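Source file: run21.cif (mmCIF, C-alpha atoms)
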data_work
loop_
_atom_site.group_PDB
_atom_site.id
_atom_site.type_symbol
_atom_site.label_atom_id
_atom_site.label_comp_id
_atom_site.auth_asym_id
_atom_site.auth_seq_id
_atom_site.Cartn_x
_atom_site.Cartn_y
_atom_site.Cartn_z
ATOM 1 C CA MET A 1408 123.472 -74.342 78.282
ATOM 2 C CA LYS A 1409 124.713 -71.776 80.782
ATOM 3 C CA ASN A 1410 127.187 -69.114 79.679
ATOM 4 C CA LYS A 1411 130.533 -69.507 81.381
ATOM 5 C CA GLN A 1412 131.426 -66.623 83.661
ATOM 6 C CA LEU A 1413 134.617 -65.025 82.362
ATOM 7 C CA ASP A 1414 137.226 -63.655 84.768
ATOM 8 C CA PRO A 1415 137.931 -59.984 83.892
ATOM 9 C CA GLU A 1416 141.351 -60.271 85.475
ATOM 10 C CA LYS A 1417 142.364 -62.977 83.031
ATOM 11 C CA LEU A 1418 140.931 -61.052 80.058
ATOM 12 C CA ARG A 1419 142.632 -57.839 81.226
ATOM 13 C CA ILE A 1420 139.516 -55.737 80.557
ATOM 14 C CA PRO A 1421 140.183 -52.170 81.741
ATOM 15 C CA LYS A 1422 137.776 -50.382 84.018
ATOM 16 C CA PRO A 1423 135.412 -48.123 81.978
ATOM 17 C CA ALA A 1424 136.555 -44.512 81.879
ATOM 18 C CA ASP A 1425 134.629 -41.911 83.871
ATOM 19 C CA PRO A 1426 132.326 -40.088 81.415
ATOM 20 C CA VAL A 1427 133.404 -36.675 82.768
ATOM 21 C CA ASN A 1428 136.478 -36.693 84.959
ATOM 22 C CA ARG A 1429 140.025 -37.799 84.248
ATOM 23 C CA ARG A 1430 142.527 -39.146 86.729
ATOM 24 C CA GLU A 1431 145.120 -36.842 85.168
ATOM 25 C CA PRO A 1432 144.115 -33.490 83.661
ATOM 26 C CA LEU A 1433 144.992 -32.751 80.053
ATOM 27 C CA PRO A 1434 147.644 -30.088 79.418
ATOM 28 C CA TRP A 1435 145.167 -27.414 78.340
ATOM 29 C CA GLN A 1436 143.088 -27.803 81.484
ATOM 30 C CA ARG A 1437 145.562 -25.553 83.346
ATOM 31 C CA PRO A 1438 146.762 -22.121 82.222
ATOM 32 C CA LYS A 1439 150.438 -21.496 81.691
ATOM 33 C CA PRO A 1440 152.056 -21.225 85.117
ATOM 34 C CA LEU A 1441 153.177 -17.876 86.494
ATOM 35 C CA GLU A 1442 156.663 -19.213 87.170
ATOM 36 C CA GLU A 1443 157.151 -19.989 83.477
ATOM 37 C CA ASP A 1444 156.008 -16.530 82.317
ATOM 38 C CA PRO A 1445 154.955 -13.846 84.826
ATOM 39 C CA HIS A 1446 152.833 -12.117 82.169
ATOM 40 C CA ALA A 1447 151.013 -15.276 81.060
ATOM 41 C CA PRO A 1448 148.035 -15.140 83.496
ATOM 42 C CA ALA A 1449 147.113 -11.581 82.484
ATOM 43 C CA ARG A 1450 147.414 -12.437 78.804
ATOM 44 C CA VAL A 1451 145.228 -15.534 79.190
ATOM 45 C CA GLN A 1452 142.645 -13.499 81.092
ATOM 46 C CA ALA A 1453 142.579 -10.908 78.285
ATOM 47 C CA ILE A 1454 141.952 -13.683 75.770
ATOM 48 C CA LEU A 1455 139.134 -15.169 77.884
ATOM 49 C CA GLU A 1456 137.450 -11.750 78.139
ATOM 50 C CA SER A 1457 137.730 -10.991 74.424
ATOM 51 C CA PRO A 1458 134.413 -11.078 72.460
ATOM 52 C CA SER A 1459 136.102 -13.289 69.867
ATOM 53 C CA TYR A 1460 136.497 -16.036 72.491
ATOM 54 C CA ARG A 1461 132.769 -16.180 73.267
ATOM 55 C CA ARG A 1462 130.967 -19.158 71.839
ATOM 56 C CA ALA A 1463 129.041 -17.912 68.803
ATOM 57 C CA ASP A 1464 125.614 -19.042 70.060
ATOM 58 C CA ALA A 1465 126.206 -17.222 73.369
ATOM 59 C CA ASP A 1466 127.565 -14.014 71.848
ATOM 60 C CA LEU A 1467 124.573 -11.649 71.689
ATOM 61 C CA ASP A 1468 126.657 -8.811 70.227
ATOM 62 C CA PHE A 1469 127.741 -11.069 67.370
ATOM 63 C CA LEU A 1470 124.193 -12.314 66.750
ATOM 64 C CA ALA A 1471 122.947 -8.707 66.672
ATOM 65 C CA ARG A 1472 125.176 -7.773 63.722
ATOM 66 C CA ASP A 1473 123.500 -6.790 60.445
ATOM 67 C CA SER A 1474 125.307 -9.624 58.691
ATOM 68 C CA MET A 1475 123.621 -12.142 61.037
ATOM 69 C CA ARG A 1476 120.078 -11.058 60.160
ATOM 70 C CA GLY A 1477 119.455 -14.276 58.238
ATOM 71 C CA VAL A 1478 120.294 -16.360 61.304
ATOM 72 C CA ARG A 1479 118.042 -14.213 63.492
ATOM 73 C CA LEU A 1480 115.179 -14.643 61.029
ATOM 74 C CA GLN A 1481 115.619 -18.420 61.146
ATOM 75 C CA ILE A 1482 115.629 -18.445 64.947
ATOM 76 C CA ASP A 1483 112.581 -16.159 65.051
ATOM 77 C CA TYR A 1484 110.783 -18.667 62.817
ATOM 78 C CA PHE A 1485 111.954 -21.959 64.322
ATOM 79 C CA LYS A 1486 111.382 -21.350 68.033
ATOM 80 C CA PRO A 1487 107.592 -20.867 67.814
ATOM 81 C CA GLU A 1488 107.306 -23.424 65.018
ATOM 82 C CA LEU A 1489 108.858 -26.158 67.146
ATOM 83 C CA LEU A 1490 106.728 -25.267 70.169
ATOM 84 C CA PHE A 1491 103.544 -25.252 68.074
ATOM 85 C CA GLU A 1492 104.471 -28.767 66.965
ATOM 86 C CA GLU A 1493 105.307 -29.922 70.498
ATOM 87 C CA HIS A 1494 101.894 -28.737 71.692
ATOM 88 C CA ARG A 1495 100.213 -30.432 68.689
ATOM 89 C CA ILE A 1496 98.545 -27.221 67.571
ATOM 90 C CA ARG A 1497 97.508 -27.927 64.002
ATOM 91 C CA HIS A 1498 95.166 -25.065 63.320
ATOM 92 C CA THR A 1499 94.338 -21.711 64.842
ATOM 93 C CA ILE A 1500 91.632 -19.075 64.985
ATOM 94 C CA VAL A 1501 93.271 -15.647 64.826
ATOM 95 C CA VAL A 1502 91.700 -12.687 66.619
ATOM 96 C CA PHE A 1503 92.674 -9.028 66.280
ATOM 97 C CA GLY A 1504 91.237 -5.944 67.935
ATOM 98 C CA SER A 1505 92.030 -2.808 69.861
ATOM 99 C CA THR A 1506 94.327 -2.888 72.881
ATOM 100 C CA ARG A 1507 92.347 0.071 74.245
ATOM 101 C CA ILE A 1508 88.961 -1.665 74.567
ATOM 102 C CA SER A 1509 89.007 -2.803 78.186
ATOM 103 C CA GLU A 1510 86.480 -4.758 80.201
ATOM 104 C CA PRO A 1511 83.354 -2.704 81.061
ATOM 105 C CA ALA A 1512 84.185 -2.113 84.731
ATOM 106 C CA ALA A 1513 87.643 -0.739 83.883
ATOM 107 C CA ALA A 1514 86.234 1.447 81.100
ATOM 108 C CA GLN A 1515 83.595 2.818 83.490
ATOM 109 C CA ARG A 1516 86.228 3.635 86.128
ATOM 110 C CA LYS A 1517 88.215 5.640 83.583
ATOM 111 C CA VAL A 1518 85.113 7.618 82.603
ATOM 112 C CA ASN A 1519 84.364 8.331 86.272
ATOM 113 C CA VAL A 1520 87.888 9.587 86.941
ATOM 114 C CA LEU A 1521 87.849 11.884 83.921
ATOM 115 C CA MET A 1522 84.346 13.145 84.679
ATOM 116 C CA ALA A 1523 85.440 14.076 88.200
ATOM 117 C CA ALA A 1524 88.456 15.920 86.814
ATOM 118 C CA LEU A 1525 86.275 17.773 84.314
ATOM 119 C CA ALA A 1526 83.783 18.737 87.023
ATOM 120 C CA ALA A 1527 86.655 20.460 88.831
ATOM 121 C CA ASP A 1528 87.833 22.192 85.635
ATOM 122 C CA THR A 1529 84.743 22.675 83.482
ATOM 123 C CA GLY A 1530 86.414 24.896 80.909
ATOM 124 C CA ASN A 1531 89.186 22.441 80.047
ATOM 125 C CA LYS A 1532 88.614 21.483 76.396
ATOM 126 C CA ASN A 1533 91.301 18.829 76.427
ATOM 127 C CA LEU A 1534 89.660 17.110 79.395
ATOM 128 C CA ALA A 1535 86.253 17.343 77.717
ATOM 129 C CA ARG A 1536 87.674 15.624 74.646
ATOM 130 C CA ARG A 1537 89.251 12.893 76.781
ATOM 131 C CA VAL A 1538 85.905 12.322 78.493
ATOM 132 C CA ALA A 1539 84.169 11.977 75.112
ATOM 133 C CA ILE A 1540 86.765 9.442 73.921
ATOM 134 C CA ALA A 1541 86.540 7.488 77.186
ATOM 135 C CA GLU A 1542 82.767 7.334 76.765
ATOM 136 C CA ARG A 1543 83.212 5.958 73.240
ATOM 137 C CA ILE A 1544 85.570 3.295 74.586
ATOM 138 C CA LEU A 1545 82.997 2.467 77.268
ATOM 139 C CA ALA A 1546 80.362 2.051 74.553
ATOM 140 C CA LYS A 1547 82.658 -0.458 72.808
ATOM 141 C CA ALA A 1548 83.476 -2.335 76.035
ATOM 142 C CA GLN A 1549 80.702 -4.774 75.107
ATOM 143 C CA TYR A 1550 83.141 -6.211 72.560
ATOM 144 C CA TYR A 1551 85.448 -7.293 75.390
ATOM 145 C CA GLU A 1552 82.685 -9.610 76.588
ATOM 146 C CA VAL A 1553 81.924 -10.792 73.038
ATOM 147 C CA ALA A 1554 85.612 -11.608 72.477
ATOM 148 C CA ARG A 1555 85.825 -13.436 75.795
ATOM 149 C CA GLU A 1556 82.756 -15.523 74.983
ATOM 150 C CA PHE A 1557 84.158 -16.255 71.529
ATOM 151 C CA GLY A 1558 87.391 -17.486 73.118
ATOM 152 C CA ARG A 1559 85.328 -19.823 75.293
ATOM 153 C CA LEU A 1560 83.300 -21.163 72.370
ATOM 154 C CA VAL A 1561 86.293 -21.912 70.155
ATOM 155 C CA SER A 1562 88.391 -23.402 72.937
ATOM 156 C CA ALA A 1563 85.650 -25.613 74.345
ATOM 157 C CA THR A 1564 84.982 -27.291 70.993
ATOM 158 C CA HIS A 1565 88.372 -28.530 69.794
ATOM 159 C CA SER A 1566 89.105 -32.198 69.244
ATOM 160 C CA SER A 1567 91.798 -33.943 71.258
ATOM 161 C CA TRP A 1568 93.540 -35.383 68.212
ATOM 162 C CA GLN A 1569 93.602 -32.154 66.217
ATOM 163 C CA GLN A 1570 94.372 -29.390 68.673
ATOM 164 C CA ARG A 1571 92.853 -26.020 67.855
ATOM 165 C CA ALA A 1572 93.929 -22.857 69.636
ATOM 166 C CA ILE A 1573 93.050 -19.201 69.772
ATOM 167 C CA VAL A 1574 95.893 -16.922 68.628
ATOM 168 C CA THR A 1575 96.111 -13.225 69.454
ATOM 169 C CA GLY A 1576 98.782 -10.554 69.437
ATOM 170 C CA GLY A 1577 99.259 -11.215 73.138
ATOM 171 C CA GLY A 1578 98.428 -7.736 74.401
ATOM 172 C CA PRO A 1579 95.604 -6.182 76.427
ATOM 173 C CA GLY A 1580 92.082 -5.230 75.336
ATOM 174 C CA ILE A 1581 90.363 -7.492 72.803
ATOM 175 C CA MET A 1582 93.381 -9.808 72.699
ATOM 176 C CA GLU A 1583 93.297 -10.227 76.468
ATOM 177 C CA ALA A 1584 89.562 -10.927 76.358
ATOM 178 C CA THR A 1585 89.945 -13.692 73.767
ATOM 179 C CA ASN A 1586 92.840 -15.386 75.577
ATOM 180 C CA ARG A 1587 90.836 -15.035 78.775
ATOM 181 C CA GLY A 1588 87.928 -16.912 77.244
ATOM 182 C CA ALA A 1589 90.212 -19.849 76.491
ATOM 183 C CA PHE A 1590 91.620 -19.593 80.004
ATOM 184 C CA ASP A 1591 88.076 -19.727 81.425
ATOM 185 C CA VAL A 1592 87.556 -23.216 80.004
ATOM 186 C CA GLY A 1593 91.052 -24.491 80.805
ATOM 187 C CA ALA A 1594 92.251 -24.512 77.185
ATOM 188 C CA LYS A 1595 95.559 -23.531 75.631
ATOM 189 C CA SER A 1596 95.828 -20.224 73.815
ATOM 190 C CA VAL A 1597 98.657 -18.437 72.047
ATOM 191 C CA GLY A 1598 100.030 -14.898 72.236
ATOM 192 C CA LEU A 1599 102.385 -13.522 69.593
ATOM 193 C CA ASN A 1600 104.042 -10.507 71.162
ATOM 194 C CA ILE A 1601 106.592 -8.327 69.395
ATOM 195 C CA SER A 1602 109.715 -6.645 70.744
ATOM 196 C CA LEU A 1603 109.203 -2.860 70.723
ATOM 197 C CA PRO A 1604 111.359 0.117 71.756
ATOM 198 C CA HIS A 1605 109.245 0.606 74.901
ATOM 199 C CA GLU A 1606 108.475 -1.962 77.597
ATOM 200 C CA GLN A 1607 105.322 -4.009 77.222
ATOM 201 C CA TYR A 1608 103.714 -6.922 79.011
ATOM 202 C CA PRO A 1609 101.718 -9.906 77.711
ATOM 203 C CA ASN A 1610 98.223 -10.346 79.047
ATOM 204 C CA PRO A 1611 98.029 -12.842 81.939
ATOM 205 C CA TYR A 1612 95.676 -15.345 80.269
ATOM 206 C CA ILE A 1613 97.994 -16.740 77.573
ATOM 207 C CA THR A 1614 99.362 -20.252 78.097
ATOM 208 C CA PRO A 1615 102.901 -19.505 79.391
ATOM 209 C CA ASP A 1616 104.554 -22.068 77.091
ATOM 210 C CA LEU A 1617 102.783 -20.515 74.089
ATOM 211 C CA CYS A 1618 103.570 -16.838 74.544
ATOM 212 C CA PHE A 1619 106.251 -15.692 72.102
ATOM 213 C CA ASN A 1620 108.237 -12.476 71.818
ATOM 214 C CA PHE A 1621 109.207 -11.907 68.180
ATOM 215 C CA HIS A 1622 112.039 -9.741 66.957
ATOM 216 C CA TYR A 1623 110.698 -9.426 63.402
ATOM 217 C CA PHE A 1624 107.194 -8.367 62.425
ATOM 218 C CA ALA A 1625 107.536 -10.523 59.295
ATOM 219 C CA MET A 1626 107.982 -13.730 61.299
ATOM 220 C CA ARG A 1627 105.126 -12.767 63.615
ATOM 221 C CA LYS A 1628 102.825 -12.208 60.648
ATOM 222 C CA LEU A 1629 103.908 -15.538 59.155
ATOM 223 C CA HIS A 1630 102.999 -17.421 62.328
ATOM 224 C CA PHE A 1631 99.661 -15.636 62.545
ATOM 225 C CA LEU A 1632 98.664 -17.213 59.230
ATOM 226 C CA LEU A 1633 100.552 -20.529 58.917
ATOM 227 C CA ARG A 1634 97.835 -22.516 60.703
ATOM 228 C CA ALA A 1635 94.965 -20.020 60.520
ATOM 229 C CA LYS A 1636 91.491 -21.349 59.821
ATOM 230 C CA ALA A 1637 89.801 -17.969 60.313
ATOM 231 C CA LEU A 1638 90.516 -14.313 61.018
ATOM 232 C CA VAL A 1639 88.222 -12.386 63.354
ATOM 233 C CA ALA A 1640 88.700 -8.610 63.488
ATOM 234 C CA PHE A 1641 87.084 -6.647 66.303
ATOM 235 C CA PRO A 1642 87.060 -2.834 66.304
ATOM 236 C CA GLY A 1643 90.647 -1.628 66.347
ATOM 237 C CA GLY A 1644 93.197 0.848 65.083
ATOM 238 C CA TYR A 1645 96.327 0.763 62.937
ATOM 239 C CA GLY A 1646 97.502 -2.683 64.060
ATOM 240 C CA THR A 1647 94.118 -4.286 63.453
ATOM 241 C CA LEU A 1648 93.748 -2.571 60.088
ATOM 242 C CA ASP A 1649 97.258 -3.648 59.091
ATOM 243 C CA GLU A 1650 96.619 -7.317 59.804
ATOM 244 C CA LEU A 1651 93.101 -7.232 58.297
ATOM 245 C CA PHE A 1652 94.140 -5.707 54.983
ATOM 246 C CA GLU A 1653 97.199 -7.914 54.733
ATOM 247 C CA VAL A 1654 95.004 -11.027 55.005
ATOM 248 C CA LEU A 1655 92.445 -9.633 52.546
ATOM 249 C CA THR A 1656 95.244 -8.867 50.067
ATOM 250 C CA LEU A 1657 96.802 -12.320 50.433
ATOM 251 C CA VAL A 1658 93.424 -13.979 49.837
ATOM 252 C CA GLN A 1659 92.543 -11.587 47.000
ATOM 253 C CA THR A 1660 95.768 -12.476 45.189
ATOM 254 C CA ARG A 1661 95.505 -16.160 46.224
ATOM 255 C CA LYS A 1662 98.911 -16.083 47.868
ATOM 256 C CA ILE A 1663 97.156 -18.038 50.615
ATOM 257 C CA LYS A 1664 94.126 -20.289 50.470
ATOM 258 C CA PRO A 1665 90.936 -18.376 51.265
ATOM 259 C CA ILE A 1666 89.924 -18.357 54.919
ATOM 260 C CA PRO A 1667 86.828 -16.874 56.529
ATOM 261 C CA VAL A 1668 87.261 -13.235 57.595
ATOM 262 C CA VAL A 1669 84.729 -11.869 60.087
ATOM 263 C CA LEU A 1670 84.421 -8.193 61.029
ATOM 264 C CA VAL A 1671 82.776 -7.811 64.412
ATOM 265 C CA GLY A 1672 80.642 -4.686 64.869
ATOM 266 C CA GLU A 1673 79.119 -3.703 61.535
ATOM 267 C CA ASN A 1674 78.372 -0.121 62.553
ATOM 268 C CA TYR A 1675 82.002 0.455 63.556
ATOM 269 C CA TRP A 1676 83.504 -1.091 60.448
ATOM 270 C CA ARG A 1677 81.182 0.678 58.009
ATOM 271 C CA GLN A 1678 82.333 4.002 59.443
ATOM 272 C CA ALA A 1679 85.989 3.050 59.800
ATOM 273 C CA VAL A 1680 86.416 1.670 56.257
ATOM 274 C CA ASN A 1681 84.036 2.144 53.329
ATOM 275 C CA LEU A 1682 84.775 -0.964 51.292
ATOM 276 C CA ASP A 1683 81.571 -0.602 49.263
ATOM 277 C CA PHE A 1684 82.974 2.735 48.102
ATOM 278 C CA LEU A 1685 86.098 0.912 46.849
ATOM 279 C CA VAL A 1686 83.882 -1.426 44.827
ATOM 280 C CA ASP A 1687 81.896 1.498 43.384
ATOM 281 C CA GLU A 1688 85.134 3.284 42.499
ATOM 282 C CA GLY A 1689 86.367 0.199 40.650
ATOM 283 C CA VAL A 1690 89.566 -0.212 42.675
ATOM 284 C CA ILE A 1691 88.460 -3.605 44.008
ATOM 285 C CA ASP A 1692 86.020 -6.110 42.507
ATOM 286 C CA GLN A 1693 82.694 -7.233 43.940
ATOM 287 C CA GLU A 1694 84.200 -10.649 44.643
ATOM 288 C CA ASP A 1695 86.809 -8.932 46.818
ATOM 289 C CA ARG A 1696 83.978 -7.425 48.874
ATOM 290 C CA GLU A 1697 82.701 -10.966 49.399
ATOM 291 C CA LEU A 1698 85.872 -12.073 51.189
ATOM 292 C CA PHE A 1699 84.421 -11.054 54.567
ATOM 293 C CA TRP A 1700 81.152 -10.601 56.427
ATOM 294 C CA PHE A 1701 79.889 -8.859 59.566
ATOM 295 C CA ALA A 1702 78.809 -10.387 62.889
ATOM 296 C CA GLU A 1703 77.799 -9.082 66.303
ATOM 297 C CA THR A 1704 77.795 -11.945 68.798
ATOM 298 C CA ALA A 1705 80.195 -14.755 69.669
ATOM 299 C CA GLU A 1706 77.694 -17.332 68.445
ATOM 300 C CA GLU A 1707 77.260 -15.543 65.102
ATOM 301 C CA ILE A 1708 81.031 -15.373 64.611
ATOM 302 C CA TRP A 1709 81.683 -19.038 65.422
ATOM 303 C CA ASN A 1710 78.666 -20.469 63.629
ATOM 304 C CA GLY A 1711 79.541 -18.435 60.536
ATOM 305 C CA ILE A 1712 83.091 -19.783 60.530
ATOM 306 C CA LEU A 1713 81.872 -23.361 60.912
ATOM 307 C CA GLN A 1714 79.330 -22.887 58.124
ATOM 308 C CA TRP A 1715 81.966 -21.367 55.805
ATOM 309 C CA HIS A 1716 84.188 -24.421 56.262
ATOM 310 C CA ASP A 1717 81.258 -26.786 55.715
ATOM 311 C CA ILE A 1718 80.407 -25.020 52.421
ATOM 312 C CA ASN A 1719 84.096 -25.176 51.489
ATOM 313 C CA GLY A 1720 84.067 -28.942 51.914
ATOM 314 C CA GLU A 1721 86.591 -28.908 54.746
ATOM 315 C CA PRO A 1722 84.532 -28.929 57.955
ATOM 316 C CA LEU A 1723 86.278 -28.047 61.179
ATOM 317 C CA HIS A 1724 86.234 -30.948 63.609
ATOM 318 C CA VAL A 1725 84.191 -30.044 66.668
ATOM 319 C CA ALA A 1726 84.131 -32.288 69.724
#
Would you mind giving the structure from this file in structure tokens?
Amino acid sequence: MKNKQLDPEKLRIPKPADPVNRREPLPWQRPKPLEEDPHAPARVQAILESPSYRRADADLDFLARDSMRGVRLQIDYFKPELLFEEHRIRHTIVVFGSTRISEPAAAQRKVNVLMAALAADTGNKNLARRVAIAERILAKAQYYEVAREFGRLVSATHSSWQQRAIVTGGGPGIMEATNRGAFDVGAKSVGLNISLPHEQYPNPYITPDLCFNFHYFAMRKLHFLLRAKALVAFPGGYGTLDELFEVLTLVQTRKIKPIPVVLVGENYWRQAVNLDFLVDEGVIDQEDRELFWFAETAEEIWNGILQWHDINGEPLHVA
């Protein structure tokens, strides 16, 4: 049976209202007219320009107040968290290392420039010291290539249903190399930058939608570890040492589940930090010394991580 067509005219159904515009504006859509009060326009303008009239979520001065720190912490947490979820990144491999270790060609150029300057000023002790340091950086430039290859290995072996991504601090040097390795194979990678008093730039190989600029170090550190399935520490300075010892302490105290920790470059690390000495002195236990191991090549790093997870009964899924 066909439905009878009803005549809207007979039912007196009004035309649907426009979702935005009105035929007649509401009273508050116009300011008080000048003819009613000559001072009204200036007073309304003063109100509109007052910070109190800004919408709270658009008022940066308000959000920067000390009393709003809790809100800022929440925002600093939620923005990357939601984007990690949108990109289906379920676990990460975290890589730290020096920002000063550049690719070999760049390190060689710096040595050449300094050597030329020293040749023109042979008695300059400061220049001689800078040359010696540049030569040490050149000797460590091999780690740039190791980090890049490691980024390739990890990124080329993730499964489509359980996205794995490299995570770095987002800067130059070792971090750039690792993100670059992921970039080489067309994979996503993450950079967790931090807002500092001086200007800084992310390295160009991070996936644009996964490069974050944190306000709080605490939230940055949290996101480094929330999905971490391994920590790889290349030769580095204060920042690398900070992150390394924080992870070792969290695992030591079981505040987080143990994860594999790999120190790349045994000769460097044995000189930089004498952890065997700490065991001998009784300030850490032998089992704390067993929370990490050394590796030299990208294959050694990755195979060691995979083996650790196999022994742990939670193998990483490799495509």
Report task. Any chance you could resolve the PyMOL selection byres ((chain A and resi 1578) around 6) against this file and give the residues as an MDAnalysis selection string? Result -> chainID A and resid 1576:1577 1579 1582 1609:1610
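Residues matching the PyMOL selection byres ((chain A and resi 1580) around 9) in this structure come to Gly1504, Ser1505, Thr1506, Arg1507, Ile1508, Ser1509, Glu1510, Tyr1551, Gly1578, Pro1579, Ile1581, Met1582, Glu1583, Ala1584, Thr1585 and Asn1610 of chain A.
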Using C-alpha atoms, can you write the selected residues to a file as a PDB file, in the frame of the given file?
ATOM      1  CA  GLY A1504      91.237  -5.944  67.935  1.00  0.00           C
ATOM      2  CA  SER A1505      92.030  -2.808  69.861  1.00  0.00           C
ATOM      3  CA  THR A1506      94.327  -2.888  72.881  1.00  0.00           C
ATOM      4  CA  ARG A1507      92.347   0.071  74.245  1.00  0.00           C
ATOM      5  CA  ILE A1508      88.961  -1.665  74.567  1.00  0.00           C
ATOM      6  CA  SER A1509      89.007  -2.803  78.186  1.00  0.00           C
ATOM      7  CA  GLU A1510      86.480  -4.758  80.201  1.00  0.00           C
ATOM      8  CA  TYR A1551      85.448  -7.293  75.390  1.00  0.00           C
ATOM      9  CA  GLY A1578      98.428  -7.736  74.401  1.00  0.00           C
ATOM     10  CA  PRO A1579      95.604  -6.182  76.427  1.00  0.00           C
ATOM     11  CA  ILE A1581      90.363  -7.492  72.803  1.00  0.00           C
ATOM     12  CA  MET A1582      93.381  -9.808  72.699  1.00  0.00           C
ATOM     13  CA  GLU A1583      93.297 -10.227  76.468  1.00  0.00           C
ATOM     14  CA  ALA A1584      89.562 -10.927  76.358  1.00  0.00           C
ATOM     15  CA  THR A1585      89.945 -13.692  73.767  1.00  0.00           C
ATOM     16  CA  ASN A1610      98.223 -10.346  79.047  1.00  0.00           C
TER      17      ASN A1610
END
Query raised in the report: Hey, can you check how far atom CA of A:Ile1454 sits from atom CA of A:Gly1477?
Result: 28.5 Å
Requested in this report: Would you kindly translate the PyMOL selection byres ((chain A and resi 1709) around 10) into the concrete residues it picks from this file, as a ChimeraX atom specification?
Outcome: /A:1500,1557-1558,1560-1561,1637,1639,1669,1702,1704-1708,1710-1715
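Using all atoms listed in the file, the shortest contact distance between A:Lys1636 and any of A:Ile1601, A:Ile1691, A:Val1668, A:Ala1679 is found at A:Val1668.
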Requested in this report: Identify, on the basis of all atoms listed in the file, every residue whose closest approach to A:Ala1513 does not exceed 10 Å; exclude the query and any residue fewer than 6 positions from it along the same chain; express the result as a VMD selection string.
Outcome: chain A and resid 1519 1545 1548
